[in-house]
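J.: Enclosed is the structure file input-v8.cif (mmCIF, C-alpha atoms).
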data_query
loop_
_atom_site.label_atom_id
_atom_site.label_comp_id
_atom_site.auth_asym_id
_atom_site.auth_seq_id
_atom_site.Cartn_x
_atom_site.Cartn_y
_atom_site.Cartn_z
CA MET A 646 -0.92 -3.29 25.77
CA ARG A 647 -1.29 -1.01 28.76
CA GLY A 648 -4.64 0.73 28.63
CA ALA A 649 -4.42 1.01 24.83
CA THR A 650 -7.50 2.63 23.28
CA PHE A 651 -8.48 3.61 19.76
CA ARG A 652 -10.67 6.61 18.97
CA ARG A 653 -11.88 8.05 15.72
CA GLY A 654 -13.91 11.23 15.38
CA GLY A 655 -14.61 11.38 19.11
CA GLU A 656 -15.97 7.82 19.14
CA GLU A 657 -14.10 5.21 21.16
CA LEU A 658 -13.90 2.17 18.90
CA VAL A 659 -11.65 0.18 21.23
CA SER A 660 -11.88 0.57 25.00
CA ALA A 661 -8.79 0.28 27.20
CA GLN A 662 -6.96 -3.00 26.55
CA TYR A 663 -4.62 -4.56 29.10
CA ILE A 664 -2.86 -7.49 27.48
CA GLU A 665 0.47 -9.11 28.22
CA LEU A 666 1.97 -11.92 26.21
CA GLU A 667 5.32 -13.41 27.04
CA GLN A 668 7.84 -14.64 24.46
CA GLY A 669 6.56 -17.78 22.76
CA GLY A 670 3.20 -17.44 24.53
CA ARG A 671 -0.26 -17.87 23.07
CA LEU A 672 -3.29 -15.74 23.70
CA ALA A 673 -6.79 -15.72 22.19
CA HIS A 674 -8.21 -12.34 23.08
CA ALA A 675 -11.95 -11.67 23.01
CA CYS A 676 -12.93 -8.14 21.98
CA ALA A 677 -16.23 -6.25 22.15
CA GLY A 678 -17.00 -6.90 18.48
CA ASN A 679 -15.53 -7.69 15.09
CA ARG A 680 -14.45 -4.13 14.39
CA ALA A 681 -12.69 -3.85 17.73
CA ALA A 682 -11.01 -7.23 17.10
CA ALA A 683 -9.68 -6.03 13.75
CA ILE A 684 -8.32 -2.81 15.27
CA VAL A 685 -6.71 -4.54 18.28
CA ALA A 686 -4.95 -6.97 15.90
CA MET A 687 -3.67 -4.06 13.82
CA MET A 688 -2.48 -2.27 16.97
CA ALA A 689 -0.59 -5.39 18.06
CA ALA A 690 1.09 -5.64 14.66
CA GLY A 691 2.06 -1.96 14.55
CA LEU A 692 -0.27 -1.09 11.66
CA VAL A 693 -2.48 1.16 13.75
CA ARG A 694 -1.33 3.46 16.54
CA ALA A 695 -3.21 3.52 19.81
CA SER A 696 -5.02 6.80 20.54
CA GLY A 697 -4.40 6.42 24.26
CA GLY A 698 -2.38 4.19 26.57
CA ALA A 699 0.69 2.32 25.39
CA VAL A 700 1.54 -0.65 23.21
CA TYR A 701 4.93 -2.35 23.33
CA VAL A 702 6.02 -5.16 21.06
CA GLY A 703 9.26 -6.50 22.48
CA ALA A 704 10.94 -3.32 23.69
CA PHE A 705 9.53 -1.20 20.88
CA ASP A 706 6.71 1.33 20.83
CA PRO A 707 4.92 1.32 17.42
CA ARG A 708 4.41 5.08 17.69
CA ILE A 709 8.17 5.67 17.83
CA GLN A 710 9.71 2.61 16.12
CA PRO A 711 7.03 1.19 13.79
CA VAL A 712 9.59 -0.46 11.51
CA HIS A 713 11.17 -2.39 14.39
CA VAL A 714 7.74 -3.57 15.53
CA LYS A 715 6.84 -4.73 12.01
CA ARG A 716 10.08 -6.74 11.87
CA LEU A 717 9.01 -8.60 15.00
CA ALA A 718 5.33 -9.08 14.17
CA GLY A 719 3.68 -11.01 11.36
CA TYR A 720 0.12 -9.93 10.63
CA VAL A 721 -2.58 -12.10 9.06
CA PRO A 722 -5.81 -10.26 8.18
CA HIS A 723 -9.26 -11.75 8.57
CA ASP A 724 -10.76 -10.82 5.19
CA ALA A 725 -10.69 -13.36 2.40
CA LEU A 726 -8.61 -11.04 0.26
CA PRO A 727 -8.82 -11.17 -3.52
CA TYR A 728 -5.92 -13.29 -4.61
CA GLU A 729 -4.59 -11.72 -7.76
CA PHE A 730 -0.99 -12.83 -7.88
CA PRO A 731 -0.53 -15.24 -10.77
CA SER A 732 1.09 -17.84 -8.51
CA PHE A 733 1.93 -18.57 -4.88
CA GLU A 734 5.63 -18.21 -5.71
CA GLN A 735 5.12 -14.69 -7.09
CA TYR A 736 3.18 -13.71 -3.98
CA ILE A 737 6.01 -14.97 -1.78
CA GLU A 738 8.64 -13.23 -3.92
CA TYR A 739 6.68 -10.00 -3.54
CA ARG A 740 6.54 -10.38 0.24
CA ALA A 741 10.20 -11.38 0.36
CA ALA A 742 11.12 -8.18 -1.49
CA LEU A 743 9.12 -6.08 0.97
CA TRP A 744 10.74 -7.78 3.96
CA GLN A 745 14.20 -7.76 2.29
CA LEU A 746 14.50 -11.54 2.47
CA PRO A 747 16.34 -13.85 0.07
CA GLN A 748 13.69 -14.76 -2.50
CA ALA A 749 14.62 -18.33 -3.39
CA GLU A 750 15.07 -19.31 0.26
CA SER A 751 11.73 -17.65 1.12
CA VAL A 752 9.90 -19.60 -1.57
CA VAL A 753 11.33 -22.89 -0.27
CA ARG A 754 10.39 -21.96 3.32
CA ALA A 755 6.90 -20.86 2.24
CA ARG A 756 6.28 -24.15 0.39
CA HIS A 757 7.28 -26.03 3.53
CA ILE A 758 4.89 -23.91 5.64
CA LEU A 759 2.12 -24.34 3.08
CA ALA A 760 2.55 -28.12 3.22
CA GLY A 761 1.72 -27.89 6.94
CA LEU A 762 -1.41 -25.91 6.16
CA GLU A 763 -2.98 -28.52 3.92
CA GLY A 764 -6.76 -28.25 3.87
CA ILE A 765 -6.80 -24.57 4.83
CA HIS A 766 -8.37 -22.30 2.24
CA GLU A 767 -5.71 -20.47 0.23
CA SER A 768 -7.11 -17.02 1.05
CA PHE A 769 -6.01 -17.67 4.65
CA ALA A 770 -3.15 -20.12 4.08
CA TYR A 771 -1.22 -17.86 1.67
CA PRO A 772 -1.17 -14.76 3.93
CA LEU A 773 -0.27 -17.01 6.87
CA ALA A 774 2.63 -18.58 4.97
CA GLY A 775 3.59 -15.08 3.78
CA ALA A 776 3.64 -13.78 7.35
CA LEU A 777 5.73 -16.71 8.60
CA ILE A 778 8.50 -16.53 5.97
CA ALA A 779 10.03 -13.59 7.84
CA GLN A 780 10.23 -15.79 10.97
CA PRO A 781 8.47 -13.27 13.22
CA SER A 782 8.64 -13.43 17.02
CA LEU A 783 4.93 -12.62 17.23
CA LEU A 784 2.18 -13.86 14.94
CA VAL A 785 -0.92 -11.65 15.05
CA LEU A 786 -4.10 -13.23 13.73
CA ASP A 787 -7.22 -11.19 13.11
CA ARG A 788 -10.24 -13.42 13.89
CA PRO A 789 -8.81 -16.75 12.72
CA GLN A 790 -11.17 -19.67 12.23
CA ALA A 791 -11.14 -22.16 15.07
CA VAL A 792 -11.00 -25.18 12.74
CA TYR A 793 -7.53 -24.12 11.61
CA GLY A 794 -6.21 -23.62 15.15
CA ARG A 795 -4.18 -26.81 15.49
CA GLN A 796 -2.43 -26.38 12.13
CA ILE A 797 -1.63 -22.73 12.87
CA VAL A 798 0.03 -23.67 16.16
CA ASP A 799 2.01 -26.43 14.41
CA VAL A 800 3.40 -24.20 11.64
CA ALA A 801 4.08 -21.26 13.97
CA LYS A 802 6.34 -23.49 16.11
CA ASN A 803 7.87 -21.39 18.94
CA CYS A 804 6.56 -18.05 17.66
CA ALA A 805 4.18 -16.24 20.05
CA ILE A 806 0.59 -16.23 18.77
CA PHE A 807 -1.84 -13.44 19.53
CA SER A 808 -5.31 -13.76 18.04
CA THR A 809 -8.27 -11.43 18.36
CA HIS A 810 -11.89 -12.55 18.25
CA GLY A 811 -15.25 -10.83 18.00
CA SER A 812 -16.72 -12.61 21.05
CA GLU A 813 -15.89 -14.75 24.07
CA ASN A 814 -17.41 -17.79 22.33
CA GLU A 815 -15.17 -17.47 19.28
CA ALA A 816 -12.10 -16.98 21.47
CA ALA A 817 -13.06 -20.05 23.49
CA ARG A 818 -13.58 -22.13 20.34
CA PHE A 819 -10.15 -21.09 19.04
CA THR A 820 -8.62 -21.89 22.44
CA ASP A 821 -10.21 -25.34 22.43
CA ALA A 822 -9.02 -25.99 18.90
CA CYS A 823 -5.40 -25.20 19.56
CA ALA A 824 -5.12 -25.30 23.34
CA VAL A 825 -4.15 -21.67 23.81
CA ARG A 826 -4.98 -19.88 27.02
CA ILE A 827 -7.47 -16.99 27.27
CA MET B 187 21.18 -12.94 -1.93
CA ILE B 188 18.60 -10.19 -1.62
CA GLY B 189 16.37 -9.94 -4.68
CA ARG B 190 14.69 -6.89 -6.19
CA SER B 191 14.21 -3.89 -3.98
CA ALA B 192 11.04 -3.27 -1.99
CA ILE B 193 10.36 -0.05 -3.91
CA SER B 194 10.50 -1.73 -7.32
CA ALA B 195 8.40 -4.66 -6.01
CA ILE B 196 5.66 -2.30 -4.82
CA ALA B 197 5.74 -0.14 -7.95
CA PHE B 198 5.73 -2.97 -10.47
CA THR B 199 3.13 -5.07 -8.66
CA ARG B 200 0.76 -2.10 -8.56
CA LEU B 201 1.57 -1.20 -12.15
CA GLN B 202 0.83 -4.77 -13.26
CA ARG B 203 -2.67 -4.43 -11.80
CA PHE B 204 -3.07 -1.18 -13.69
CA GLY B 205 -1.67 -2.53 -16.93
CA GLY B 206 -5.02 -2.64 -18.71
CA GLN B 207 -6.09 0.80 -17.54
CA VAL B 208 -2.74 2.32 -18.52
CA LEU B 209 -3.18 0.91 -22.02
CA TYR B 210 -6.73 2.29 -22.27
CA VAL B 211 -5.56 5.74 -21.17
CA ALA B 212 -2.63 5.57 -23.61
CA ALA B 213 -5.07 4.66 -26.40
CA ALA B 214 -7.32 7.58 -25.40
CA ALA B 215 -4.29 9.89 -25.43
CA ALA B 216 -3.35 8.68 -28.90
CA LEU B 217 -6.92 9.27 -30.10
CA PHE B 218 -6.90 12.75 -28.56
CA ALA B 219 -3.64 13.53 -30.38
CA ALA B 220 -5.15 12.31 -33.66
CA LEU B 221 -8.14 14.63 -33.15
CA GLN B 222 -5.70 17.53 -32.66
CA MET B 223 -3.93 16.65 -35.92
CA HIS B 224 -4.36 20.10 -37.48
CA SER B 225 -3.53 22.09 -34.36
CA ASP B 226 -0.29 23.97 -33.80
CA LEU B 227 2.41 23.01 -31.31
CA GLY B 228 0.99 25.32 -28.64
CA ALA B 229 -2.37 23.54 -28.71
CA HIS B 230 -0.60 20.17 -28.58
CA ALA B 231 1.48 21.26 -25.58
CA LEU B 232 -1.63 22.50 -23.77
CA GLY B 233 -3.64 19.41 -24.68
CA ALA B 234 -0.90 17.03 -23.58
CA ALA B 235 -0.35 18.79 -20.26
CA LEU B 236 -4.05 18.89 -19.41
CA PHE B 237 -4.79 15.34 -20.60
CA GLY B 238 -1.72 14.03 -18.75
CA SER B 239 -2.78 15.87 -15.58
CA LEU B 240 -6.27 14.39 -15.70
CA ALA B 241 -4.84 10.92 -16.33
CA GLY B 242 -2.36 11.42 -13.47
CA MET B 243 -5.15 12.38 -11.07
CA TYR B 244 -7.14 9.32 -12.15
CA PHE B 245 -4.18 6.95 -11.67
CA ALA B 246 -3.34 8.57 -8.32
CA LEU B 247 -6.87 8.30 -6.92
CA ALA B 248 -7.10 4.67 -8.01
CA GLN B 249 -4.08 3.76 -5.84
CA ARG B 250 -6.09 3.24 -2.66
CA GLY B 251 -8.96 0.98 -1.68
CA GLY B 252 -10.81 -1.64 -3.72
CA ARG B 253 -8.50 -3.95 -5.61
CA MET B 254 -5.44 -2.47 -3.91
CA ARG B 255 -6.48 -3.44 -0.36
CA GLU B 256 -4.49 -6.68 -0.32
CA LEU B 257 -1.35 -4.85 -1.45
CA GLU B 258 -2.00 -1.99 0.97
CA LEU B 259 -2.12 -4.35 3.95
CA CYS B 260 1.12 -6.03 2.84
CA GLU B 261 2.82 -2.65 2.40
CA GLN B 262 1.52 -1.40 5.75
CA ALA B 263 2.67 -4.57 7.53
CA ALA B 264 6.13 -4.54 5.90
CA PRO B 265 9.07 -3.12 7.85
CA MET B 266 9.41 -0.04 5.65
CA TYR B 267 9.33 3.65 6.40
CA ALA B 268 6.32 5.54 5.08
CA ARG B 269 8.54 7.72 2.90
CA GLU B 270 9.83 4.61 1.09
CA VAL B 271 6.29 3.35 0.50
CA ALA B 272 5.30 6.85 -0.67
CA ARG B 273 8.13 6.93 -3.22
CA ALA B 274 7.18 3.49 -4.52
CA ILE B 275 3.47 4.34 -4.87
CA ALA B 276 4.28 7.71 -6.49
CA LEU B 277 6.17 5.84 -9.21
CA VAL B 278 2.97 4.09 -10.33
CA PRO B 279 0.86 7.06 -11.56
CA SER B 280 4.05 8.74 -12.80
CA LEU B 281 4.98 5.77 -14.99
CA GLY B 282 1.34 5.46 -16.07
CA VAL B 283 1.15 9.05 -17.33
CA ILE B 284 4.57 8.82 -19.00
CA ILE B 285 3.34 5.78 -20.97
CA ALA B 286 0.06 7.54 -21.82
CA LEU B 287 1.80 10.75 -22.93
CA ALA B 288 4.33 8.75 -24.94
CA GLY B 289 1.31 7.49 -26.90
CA TYR B 290 0.09 11.07 -27.34
CA TRP B 291 3.41 12.43 -28.60
CA ILE B 292 4.13 9.47 -30.90
CA VAL B 293 0.82 10.07 -32.70
CA THR B 294 1.54 13.83 -32.80
CA GLU B 295 5.00 13.17 -34.27
CA ILE B 296 3.53 10.87 -36.95
CA SER B 297 0.71 13.27 -37.82
CA SER B 298 2.86 16.41 -37.84
CA GLY B 299 4.57 15.37 -41.07
CA PRO B 300 7.97 16.85 -41.88
CA ARG B 301 7.78 19.44 -39.05
CA ALA B 302 10.10 18.48 -36.21
CA LEU B 303 8.60 18.57 -32.75
CA ALA B 304 10.29 20.61 -30.04
CA THR B 305 11.34 18.40 -27.15
CA ALA B 306 10.65 20.88 -24.32
CA PRO B 307 6.81 20.65 -24.47
CA VAL B 308 7.08 16.84 -24.55
CA PHE B 309 9.15 16.70 -21.36
CA LEU B 310 7.18 19.51 -19.70
CA SER B 311 3.85 17.74 -20.28
CA MET B 312 5.31 14.61 -18.64
CA ALA B 313 6.82 16.58 -15.74
CA CYS B 314 3.51 18.43 -15.26
CA ALA B 315 1.47 15.20 -15.22
CA CYS B 316 3.90 13.57 -12.74
CA ALA B 317 3.78 16.58 -10.38
CA VAL B 318 -0.03 16.71 -10.53
CA SER B 319 -0.35 12.97 -9.89
CA VAL B 320 1.94 13.18 -6.83
CA VAL B 321 -0.13 16.07 -5.41
CA ALA B 322 -3.33 14.11 -6.14
CA LEU B 323 -1.89 11.11 -4.23
CA CYS B 324 -2.15 13.21 -1.04
CA ALA B 325 -5.94 13.12 -1.49
CA THR B 326 -5.95 9.33 -1.21
CA VAL B 327 -4.88 9.40 2.45
CA ARG B 328 -7.42 12.03 3.42
CA ALA B 329 -11.18 12.11 3.61
CA GLY B 330 -13.99 14.59 3.22
CA VAL B 331 -13.15 18.24 2.65
CA TRP B 332 -9.38 17.73 2.77
CA GLN B 333 -9.61 15.13 0.03
CA ALA B 334 -11.47 17.62 -2.18
CA VAL B 335 -8.91 20.33 -1.29
CA TYR B 336 -6.00 18.17 -2.48
CA ILE B 337 -7.78 17.28 -5.72
CA LEU B 338 -8.42 20.98 -6.29
CA LEU B 339 -4.78 21.73 -5.45
CA ALA B 340 -3.65 19.22 -8.08
CA ALA B 341 -5.86 20.98 -10.65
CA VAL B 342 -4.42 24.36 -9.61
CA VAL B 343 -0.86 23.02 -10.01
CA ALA B 344 -1.68 21.86 -13.55
CA THR B 345 -3.21 25.25 -14.41
CA ILE B 346 -0.19 27.18 -13.09
CA ILE B 347 2.26 24.99 -15.04
CA VAL B 348 0.25 25.43 -18.26
CA MET B 349 0.10 29.20 -17.70
CA LEU B 350 3.87 29.36 -17.05
CA GLU B 351 4.78 27.17 -20.03
CA TYR B 352 5.00 29.76 -22.78
CA PRO B 353 6.43 32.85 -21.16
CA GLN B 354 8.68 30.99 -18.72
CA LEU B 355 9.58 27.44 -19.73
CA PRO B 356 12.40 27.01 -17.15
CA ALA B 357 10.08 28.39 -14.47
CA ALA B 358 7.45 25.82 -15.47
CA PHE B 359 9.98 22.99 -15.05
CA LEU B 360 11.12 24.44 -11.74
CA PHE B 361 7.53 24.69 -10.52
CA CYS B 362 6.93 21.04 -11.51
CA GLY B 363 9.97 20.00 -9.48
CA ILE B 364 8.98 22.03 -6.42
CA ALA B 365 5.32 20.92 -6.52
CA GLY B 366 6.34 17.27 -6.98
CA PHE B 367 8.90 17.40 -4.18
CA ILE B 368 6.53 19.07 -1.69
CA GLY B 369 3.71 16.74 -2.75
CA LEU B 370 5.87 13.67 -2.20
CA ARG B 371 6.99 14.88 1.26
CA GLN B 372 3.39 15.60 2.20
CA TYR B 373 2.26 12.20 0.96
CA GLY B 374 4.99 10.39 2.91
CA GLU B 375 4.10 12.23 6.11
CA ALA B 376 0.38 11.63 5.66
CA LEU B 377 1.04 7.95 4.94
CA ALA B 378 3.05 7.66 8.18
CA ARG B 379 0.04 8.93 10.15
CA TRP B 380 -2.56 7.06 8.09
CA ASP B 381 -4.07 3.90 9.57
CA PRO B 382 -5.96 1.21 7.70
CA ALA B 383 -8.54 0.70 10.48
#
Translate the structure of the given file into structure tokens.
T.:
Amino acid sequence: MRGATFRRGGEELVSAQYIELEQGGRLAHACAGNRAAAIVAMMAAGLVRASGGAVYVGAFDPRIQPVHVKRLAGYVPHDALPYEFPSFEQYIEYRAALWQLPQAESVVRARHILAGLEGIHESFAYPLAGALIAQPSLLVLDRPQAVYGRQIVDVAKNCAIFSTHGSENEAARFTDACAVRI
Amino acid sequence: MIGRSAISAIAFTRLQRFGGQVLYVAAAAALFAALQMHSDLGAHALGAALFGSLAGMYFALAQRGGRMRELELCEQAAPMYAREVARAIALVPSLGVIIALAGYWIVTEISSGPRALATAPVFLSMACACAVSVVALCATVRAGVWQAVYILLAAVVATIIVMLEYPQLPAAFLFCGIAGFIGLRQYGEALARWDPA
């Protein structure tokens, strides 16, 4: 991110962000608040376009090539989302269809990832497994809990991890938990 | 092997969540048709088009926020163009109103006795409801005054189609097609600019 900002209705919700993350790198980024953290995570995953400045994921600009960016990035939201799929397998099949992945292979891969996330609440573990089945180059986590840090790093393997946090303390706790640099 | 397409996955997952509501609306449509038992075909055609339009607007407006947030985030994060997501979401209210209006016309057919129903009003009511629901979808990616404008526009589309139906049936079908096509393009473009923040 090179001076990336986000404005809505004349109000600057995210001030200029200067972030660089190399391939396979890990970064816990502290933002001004929870709302800013959510927006920065969405900007990094190509879901939200920056109002000012520039964002590049790999060689792609989400404003011009959002689909390419979304192929590279896996996004895991913060909210404990209502889980209404009848089973984990159906959730993975749904995600596999959206990402145009082979369904049976995706289910097997997702079960393997889920086994590495034992003990993590399903409202976070399922979206995380869902994001990792597409084997993204960048995993974007919106305010992940520090207690899950070590397991997240283990299942992500060599994928770059970018996490946003609502405060310096939370970013530091996540860093301590999984030994990522700030 | 690649499984089902992204468009069918989005449409059927959303439709599954709406299954109960679609059945309620279909039951209401059937009840409405039963209440119109002694009316002529013109009144049935008008009733079906207006009921279908209202149902279409309801299904369209229910496509965003609330219970759909989890699906919305998945769809937004997926490597798909906005126009593809727009087509998939547009299928949901369209299929919902077709099911509801099927209930309406089945009851009308049963209650009309030996008189055979004309097929044109049946298909026109469905085409009208689909066009209105696609226009109403544009309101879901807007806020404030523009949201109200698109809801009003959907109501205007329904009124024009109903007014065209009797003197100009082919024109009514043509208007449905044009309104639906422009509505879908608009929705796709608005969805491309829309952000979930």
J.: Taking only C-alpha atoms into account, report as a short mmCIF file (atom, residue, chain, number, x, y, z; two decimals) with C-alpha atoms, in the frame of the given file which residues of chain A lie within 6 Å of chain B.
T.:
data_model
loop_
_atom_site.label_atom_id
_atom_site.label_comp_id
_atom_site.auth_asym_id
_atom_site.auth_seq_id
_atom_site.Cartn_x
_atom_site.Cartn_y
_atom_site.Cartn_z
CA ILE A 684 -8.32 -2.81 15.27
CA VAL A 693 -2.48 1.16 13.75
CA VAL A 712 9.59 -0.46 11.51
CA LYS A 715 6.84 -4.73 12.01
CA ARG A 716 10.08 -6.74 11.87
CA ALA A 742 11.12 -8.18 -1.49
CA LEU A 743 9.12 -6.08 0.97
CA TRP A 744 10.74 -7.78 3.96
CA LEU A 746 14.50 -11.54 2.47
CA PRO A 747 16.34 -13.85 0.07
CA GLN A 748 13.69 -14.76 -2.50
#
J.: Just how far from atom CA of Cys362 of chain B is atom CA of Leu287 of chain B, in Å to one decimal?
T.: 16.2 Å
J.: I need the output of the PyMOL selection byres ((chain B and resi 313-323) around 9) for this file as a PyMOL selection string; which residues are they?
T.: chain B and resi 234-247+249+275-277+279-281+283-284+287+308-312+324-327+333+336-344+347-348+358-359+361-370+372-373
J.: If you measure from atom CA of Glu657 of chain A to atom CA of Gly703 of chain A, what distance in Å do you get, rounded to one decimal?
T.: 26.2 Å
J.: Identify the residues around (-8.4, 15.0, -27.2) within a radius of 12 Å, measuring from only C-alpha atoms in the coordinates stated by the file, and give them as a list in words.
T.: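 Within 12 Å of (-8.4, 15.0, -27.2), the protein and nucleic acid residues are Val211, Ala212, Ala213, Ala214, Ala215, Ala216, Leu217, Phe218, Ala219, Ala220, Leu221, Gln222, Met223, Ser225, Ala229, His230, Ala231, Leu232, Gly233, Ala234, Ala235, Leu236, Phe237, Gly238, Leu240, Leu287, Tyr290, Val293 and Thr294 of chain B.
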J.: Quick one: of A:Ile737, A:Ala675, A:Tyr771, A:Pro789, who's nearest to Glu813 of chain A, counting all atoms listed in the file?
T.: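 Once distances to Glu813 of chain A are computed over all atoms listed in the file, the minimum belongs to A:Ala675.
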J.: For a cutoff of 9 Å around the file-coordinate point (-10.4, -16.9, 23.6), which residues qualify once you count all atoms listed in the file? I'd like the result as a VMD selection string.
T.: chain A and resid 672 to 675 808 to 810 812 to 821 825 to 827
J.: List the neighbours of Gly697 of chain A out to 10 Å using all atoms listed in the file; skip same-chain residues closer than 6 positions along the sequence, and give me the result as JSON, numbers by chain.
T.: {"A": [647, 648, 649, 650, 651, 652, 660, 661]}
J.: Counting only C-alpha atoms, figure out which residue out of A:Leu759, A:Val785, A:Ala801, A:Ala822 gets nearest to Met687 of chain A.
T.: A:Val785
J.: When you draw a straight line from atom CA of Ala776 of chain A to atom CA of Tyr720 of chain A, how long is it in Å?
T.: 6.2 Å
J.: With 10 Å as the cut-off and only C-alpha atoms counted, what is the closest atom pair between each nearby residue of segment 731-763 of chain A and segment 793-798 of chain A? Distances in Å to one decimal, ordered by chain and number, as JSON lines.
T.:
{"residue": "A:Ile758", "atom": "CA", "partner": "A:Ile797", "partner_atom": "CA", "distance": 9.8}
{"residue": "A:Gly761", "atom": "CA", "partner": "A:Gln796", "partner_atom": "CA", "distance": 6.8}
{"residue": "A:Leu762", "atom": "CA", "partner": "A:Gln796", "partner_atom": "CA", "distance": 6.1}
{"residue": "A:Glu763", "atom": "CA", "partner": "A:Gln796", "partner_atom": "CA", "distance": 8.5}
J.: Using all atoms listed in the file for the distances, tell me which of A:Pro772, A:Gln710, A:Glu665, A:Arg694 is nearest to Phe730 of chain A.
T.: A:Pro772
J.: Taking the file as shown, find all residues satisfying the PyMOL selection byres ((chain A and resi 700-702) around 7) and write them as a list of chain:residue names.
T.: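 In the shown coordinates, the PyMOL selection byres ((chain A and resi 700-702) around 7) covers A:Met646, A:Arg647, A:Ala649, A:Ala699, A:Gly703, A:Ala704, A:Phe705, A:Asp706, A:Pro707, A:Val714.
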J.: Would you pick out the contacts of Gly811 of chain A at 7 Å or less, using all atoms listed in the file, so that residues sharing its chain but fewer than 4 positions from it are not included, and give the list as JSON, numbers by chain?
T.: {"A": [675, 676, 677, 678, 679, 682, 788, 815]}
J.: Pick the closest to Arg708 of chain A from A:Gln745, A:Asp724, A:Arg754, A:Ala690: which is it, counting all atoms listed in the file?
T.: A:Ala690
J.: Which of these residues is nearest to Cys804 of chain A, using all atoms listed in the file: A:Ala695, A:Arg740, A:Leu777, A:Gly764?
T.: A:Leu777
